[in-house]
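S.K.: The structure under discussion is supplied below as structure tokens; questions concerning it will follow.
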Amino acid sequence: LPAMSKDPRVAAVLDHPLQSEEVLEQRTGGLLVHRTKASDLRMAAAMEHLVETPGKHAVTTEGHPDWLRTTVACKLEPGQKLRVVKIAAYGWSSHRSLPAVRDQVGAALASARLDGWEGLVDAQREYLDAFWDHSDVRVEGDPEVQQAVRFGLFHTLQAGARAEQRPIGSKGLSGPGYDGHTFWDAETFVLPALTYTQPSAAADVLRWRHSTLDLARERAQTLGLQGAAFPWRTIRGQECSAYWPAGTAGFHIGADIADAVRRYVQATGDYDFEREYGLELLVETARLWRSLGHHDRHGRFHIDGVTGPDEYTAVVNDNIYTNLLAQQNLLTAADAAKRHPDLARKLGVDDEETASWRDAAASVHIPYDRELGVHQQSEGFTRLQEWDFENTPPEAYPLLLNYPYFDLYRKQVVKQADLVMAMYIRGDAFTPEEKARNFAYYDARTVRDSSLSACIQAVMAAETGHLELAHDYLGEAALMDLHDLHQNSRDGLHIASLAGTWISLVAGLGGMRDFNGQLSFAPRLPSRINALDFSLLWRGLRLRVNVTPEEVTYSLRNGGGSARLVLLHHGKEVEVTQVKPVTVPNPPAIQAGPSPAQPAGRAPVRRATA
């Protein structure tokens, strides 16, 4: 039986999880093929040894169900050398046959023999040089964050570059935490960074989601719903969470996937992808919202009984994050169906259905507390009892390990950015004044027991003018694993937080947004950061953004003399060409109010004095 842990973030230790399927041995190496007993994944590992020695030698290999051993015996005179080059290849699949996986690793070995070590190194160097050339983020003034963002980008790339239409686990390739499962982290935190730096990797993850549509439809039917209900936690497409409040009730995963589709198509202009994969994902998730939600007697559209990103406030009505992302999902699906009417008809979409999507989107209910002048994270949230932060000892965090969920669910305590995250992703739905008031209210109640929170709080702190606080939150996101801030990096790195460092810098200090297909920037720097430099890909063009406290330079690095990109800089239109970079001044700093308070003992470490 698995060794269980009280901490749900830790993987279960499985006893003999692999079942041998094939053992092949040759004189200089061999091959093993196994299947996992629980998830039924097939894995193959092959090895070969190239032996160079001037004298007589013997090479033998013995094979067993779970291991292979190659032995080299030789006799060397003084000064002579034995050189052994070991080549290993790995392959896996949940669909392909044993011969197909065997051939995959055999081909990999043959390719390595042909190219040799230098060939493999040259190919790796060429790949990484190209990635860093258009993905590197340079931060002047905080060398620790500079090192950390590159560390984060590398692990984000490593987790997603060879996904090959498979999910990106929340720990990437770095550890066994969460048993290798993927969550909404991938679409909402990892894919934004990949979409603008390595878009082919983002597309691969979304193709994998598309391949699991039948399972998501089956899950929706089980729940009595239409469309597709994607799992909150999975490795192959089935729901792997047995806890309803923080699992299946997290319906926002469908809208997160739709948002990732929208972002990818918008950033790349890849409408072939939209036709082949994106449209069906958008349609089936839109159908889920239309069946999950309902109109009340006043015509307002409600989505009840769901859990938003904040897992300390579960099974609620009208979670704003869920409602606004569902609204965007419905509209994006209707627009995509209009672009591809022939394919939409094949999916059973007609004008009446898209009209119902638009009607629901237009009347989505957004809870608001007029007395306090803030939005309610969910209906009635601001009426709940306040959590006693002053008398919560530091050793009681994370709260999920020390207090019953029952107590957390009925108090105003926020595990991670929820409404604040809605203000980032759906910032077009709030006024600047609303963002400032909401951010101050919810920052005082957010304990950041999730590694997903600090990067989003950094973004909204920057947008509301609290630049030093934004720098503090940026530091926390960037150093989550390098400083082991949650004391669980031994179980694997927090890939979403590492990708979130890119979000903190590009969307936070760089102010990048992409509302309604319009690329915009509103860069501002805290006192300790003297310059920020980053690149991103937009419709095949490589845009470079160089930010200083006084001005910003936008330039294109490809596309030829005819390349043209129109973007917004602090709300004003700017045209950039490869021939003519554009330098524009930054406006005066926002006159922000007092810096928001955080729960007692939960303020991020200050960077200005670090």
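Identifiers in this document derive from the order of the structure tokens: chains are assigned A, B, ..., residues are numbered from 1 separately in each chain, and ligands are numbered from 1 in order of occurrence.
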For range 69-172 of chain A against range 530-551 of chain A, with a cut-off of 8 Å and counting only C-alpha atoms, what is the closest atom pair and its distance in Å to one decimal for every residue that makes the cut, ordered by chain and number, as JSON lines?

M.R.:
```
{"residue": "A:His134", "atom": "CA", "partner": "A:Ser535", "partner_atom": "CA", "distance": 5.7}
{"residue": "A:Ser135", "atom": "CA", "partner": "A:Ser535", "partner_atom": "CA", "distance": 5.7}
{"residue": "A:Asp136", "atom": "CA", "partner": "A:Phe534", "partner_atom": "CA", "distance": 6.2}
{"residue": "A:Val137", "atom": "CA", "partner": "A:Phe534", "partner_atom": "CA", "distance": 4.6}
{"residue": "A:Arg138", "atom": "CA", "partner": "A:Asp533", "partner_atom": "CA", "distance": 5.0}
{"residue": "A:Val139", "atom": "CA", "partner": "A:Leu532", "partner_atom": "CA", "distance": 4.9}
{"residue": "A:Glu140", "atom": "CA", "partner": "A:Ala531", "partner_atom": "CA", "distance": 5.0}
{"residue": "A:Gly141", "atom": "CA", "partner": "A:Asn530", "partner_atom": "CA", "distance": 5.5}
```

S.K.: Take the residues that were just selected and, keeping N, CA, C and O atoms, output them as a PDB file, in the first residue's frame.

M.R.:
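part36.pdb, freshly written:
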```pdb
ATOM      1  N   HIS A 134      15.453  34.613 -27.575  1.00  0.00           N
ATOM      2  CA  HIS A 134      14.159  35.285 -27.655  1.00  0.00           C
ATOM      3  C   HIS A 134      13.327  35.141 -26.387  1.00  0.00           C
ATOM      4  O   HIS A 134      12.153  35.529 -26.378  1.00  0.00           O
ATOM      5  N   SER A 135      13.926  34.605 -25.303  1.00  0.00           N
ATOM      6  CA  SER A 135      13.149  34.407 -24.080  1.00  0.00           C
ATOM      7  C   SER A 135      13.780  35.015 -22.836  1.00  0.00           C
ATOM      8  O   SER A 135      13.098  35.150 -21.812  1.00  0.00           O
ATOM      9  N   ASP A 136      15.044  35.359 -22.889  1.00  0.00           N
ATOM     10  CA  ASP A 136      15.735  35.825 -21.692  1.00  0.00           C
ATOM     11  C   ASP A 136      15.100  37.108 -21.155  1.00  0.00           C
ATOM     12  O   ASP A 136      14.642  37.967 -21.906  1.00  0.00           O
ATOM     13  N   VAL A 137      15.067  37.201 -19.843  1.00  0.00           N
ATOM     14  CA  VAL A 137      14.619  38.415 -19.158  1.00  0.00           C
ATOM     15  C   VAL A 137      15.803  38.944 -18.368  1.00  0.00           C
ATOM     16  O   VAL A 137      16.398  38.212 -17.568  1.00  0.00           O
ATOM     17  N   ARG A 138      16.148  40.203 -18.593  1.00  0.00           N
ATOM     18  CA  ARG A 138      17.282  40.808 -17.894  1.00  0.00           C
ATOM     19  C   ARG A 138      16.773  41.840 -16.897  1.00  0.00           C
ATOM     20  O   ARG A 138      15.987  42.734 -17.242  1.00  0.00           O
ATOM     21  N   VAL A 139      17.239  41.684 -15.659  1.00  0.00           N
ATOM     22  CA  VAL A 139      16.817  42.542 -14.555  1.00  0.00           C
ATOM     23  C   VAL A 139      18.056  43.208 -13.985  1.00  0.00           C
ATOM     24  O   VAL A 139      18.951  42.531 -13.480  1.00  0.00           O
ATOM     25  N   GLU A 140      18.115  44.509 -14.057  1.00  0.00           N
ATOM     26  CA  GLU A 140      19.288  45.238 -13.561  1.00  0.00           C
ATOM     27  C   GLU A 140      18.969  45.849 -12.206  1.00  0.00           C
ATOM     28  O   GLU A 140      18.033  46.630 -12.071  1.00  0.00           O
ATOM     29  N   GLY A 141      19.748  45.471 -11.196  1.00  0.00           N
ATOM     30  CA  GLY A 141      19.554  46.039  -9.865  1.00  0.00           C
ATOM     31  C   GLY A 141      19.220  45.018  -8.806  1.00  0.00           C
ATOM     32  O   GLY A 141      19.332  45.296  -7.612  1.00  0.00           O
TER      33      GLY A 141
END
```

S.K.: Taking the backbone alone, and naming residues the way the document does, which bits of range 76-214 of chain A are strand (DSSP E) by DSSP, as a list in words?

M.R.: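 Filtering range 76-214 of chain A down to strand (DSSP E) leaves Arg83, Val84, Val85, Lys86, Ile87, Ala88, Ala89, Tyr90, Gly91, Trp92, Ser93, Arg138, Val139 and Glu140 of chain A.
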
S.K.: For Phe273 in chain A, list every protein, DNA or RNA residue within 12 Å, evaluated using only C-alpha atoms, and leave out those in the same chain fewer than 2 positions away; present the list as a PyMOL selection string.

M.R.: chain A and resi 199-200+202-204+206-207+210+261-262+264-266+268-271+275-281+336+340

S.K.: Using only C-alpha atoms, which residue out of A:Gly500, A:Pro309, A:Pro54, A:Gly247 lies closest to Gln416 in chain A?

M.R.: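 When distances to Gln416 in chain A are compared using only C-alpha atoms, the smallest one comes from A:Pro309.
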
S.K.: Measuring between only C-alpha atoms, which one of A:Thr446, A:Gln146, A:Asn438, A:Thr156 shows the shortest distance to Phe389 in chain A?

M.R.: A:Thr446

S.K.: Extract the full set of helix (DSSP H, G or I) residues from range 277-448 of chain A according to DSSP on the backbone, and format it as a PyMOL selection string.

M.R.: chain A and resi 277-292+320-339+341-346+351-362+381-383+394-396+399-401+405-409+419-425+427-429+432-443

S.K.: Compile the contact shell of Gln158 in chain A as a list in words: residues with an atom at most 12 Å away, counting only C-alpha atoms, same-chain residues fewer than 5 positions apart removed.

M.R.: Tyr127, Leu128, Phe131, Phe151, Gly152, Leu153, Ala163, Ile168, Gly169, Lys171, Gly172, Leu173, Ser174, Val190, Leu194, Gln198, Ala201, Leu493, Ile495, Leu498 and Ala499 of chain A

S.K.: For Glu218 in chain A, which residue out of A:Pro176, A:Glu468, A:Gly511, A:Glu284 is the nearest one, using only C-alpha atoms?

M.R.: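 Once distances to Glu218 in chain A are computed over only C-alpha atoms, the minimum belongs to A:Glu284.
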
S.K.: Counting only C-alpha atoms, figure out which residue out of A:Gly180, A:Pro245, A:Gly299, A:Pro523 gets nearest to Asp359 in chain A.

M.R.: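 Closest residue, counting only C-alpha atoms: A:Gly299.
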
S.K.: Have a look at A:Pro596, A:Pro394, A:Pro167, A:Gly380 and name the one nearest to Ala436 in chain A; count only C-alpha atoms.

M.R.: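 Nearest candidate to Ala436 in chain A out of A:Pro596, A:Pro394, A:Pro167, A:Gly380: A:Pro596.
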
S.K.: My list of candidates is A:Tyr442, A:Phe301, A:Tyr196, A:Phe406. Which is closest to Met512 in chain A when distances are computed with only C-alpha atoms?

M.R.: A:Tyr196

S.K.: Need the shell around Thr188 in chain A: protein/DNA/RNA residues with any atom at most 10 Å away, counting only C-alpha atoms. Skip same-chain ones fewer than 3 positions apart. Format as a count of residues only?

M.R.: 17

S.K.: For range 581-587 of chain A, please output as a PDB file with N, CA, C and O atoms, in the first residue's frame all residues within 6 Å (counting only C-alpha atoms; exclusion window: fewer than 4 positions along the same chain).

M.R.:
```
ATOM      1  N   GLU A 550      12.619  56.047 -16.801  1.00  0.00           N
ATOM      2  CA  GLU A 550      12.159  57.223 -17.536  1.00  0.00           C
ATOM      3  C   GLU A 550      11.476  56.897 -18.862  1.00  0.00           C
ATOM      4  O   GLU A 550      10.575  57.627 -19.286  1.00  0.00           O
ATOM      5  N   GLU A 551      11.896  55.808 -19.532  1.00  0.00           N
ATOM      6  CA  GLU A 551      11.393  55.570 -20.885  1.00  0.00           C
ATOM      7  C   GLU A 551      11.418  54.090 -21.231  1.00  0.00           C
ATOM      8  O   GLU A 551      11.993  53.266 -20.514  1.00  0.00           O
ATOM      9  N   VAL A 552      10.773  53.769 -22.356  1.00  0.00           N
ATOM     10  CA  VAL A 552      10.703  52.394 -22.848  1.00  0.00           C
ATOM     11  C   VAL A 552      11.013  52.400 -24.337  1.00  0.00           C
ATOM     12  O   VAL A 552      10.530  53.273 -25.070  1.00  0.00           O
ATOM     13  N   THR A 553      11.815  51.432 -24.779  1.00  0.00           N
ATOM     14  CA  THR A 553      12.111  51.269 -26.198  1.00  0.00           C
ATOM     15  C   THR A 553      11.510  49.948 -26.674  1.00  0.00           C
ATOM     16  O   THR A 553      11.765  48.893 -26.088  1.00  0.00           O
ATOM     17  N   TYR A 554      10.700  50.038 -27.724  1.00  0.00           N
ATOM     18  CA  TYR A 554      10.099  48.862 -28.355  1.00  0.00           C
ATOM     19  C   TYR A 554      10.783  48.645 -29.700  1.00  0.00           C
ATOM     20  O   TYR A 554      10.923  49.587 -30.487  1.00  0.00           O
ATOM     21  N   SER A 555      11.201  47.416 -29.967  1.00  0.00           N
ATOM     22  CA  SER A 555      11.868  47.125 -31.237  1.00  0.00           C
ATOM     23  C   SER A 555      11.487  45.735 -31.716  1.00  0.00           C
ATOM     24  O   SER A 555      11.164  44.849 -30.909  1.00  0.00           O
ATOM     25  N   VAL A 576       5.520  50.032 -34.218  1.00  0.00           N
ATOM     26  CA  VAL A 576       6.908  49.580 -34.184  1.00  0.00           C
ATOM     27  C   VAL A 576       7.200  48.818 -35.466  1.00  0.00           C
ATOM     28  O   VAL A 576       6.393  48.003 -35.914  1.00  0.00           O
TER      29      VAL A 576
END
```
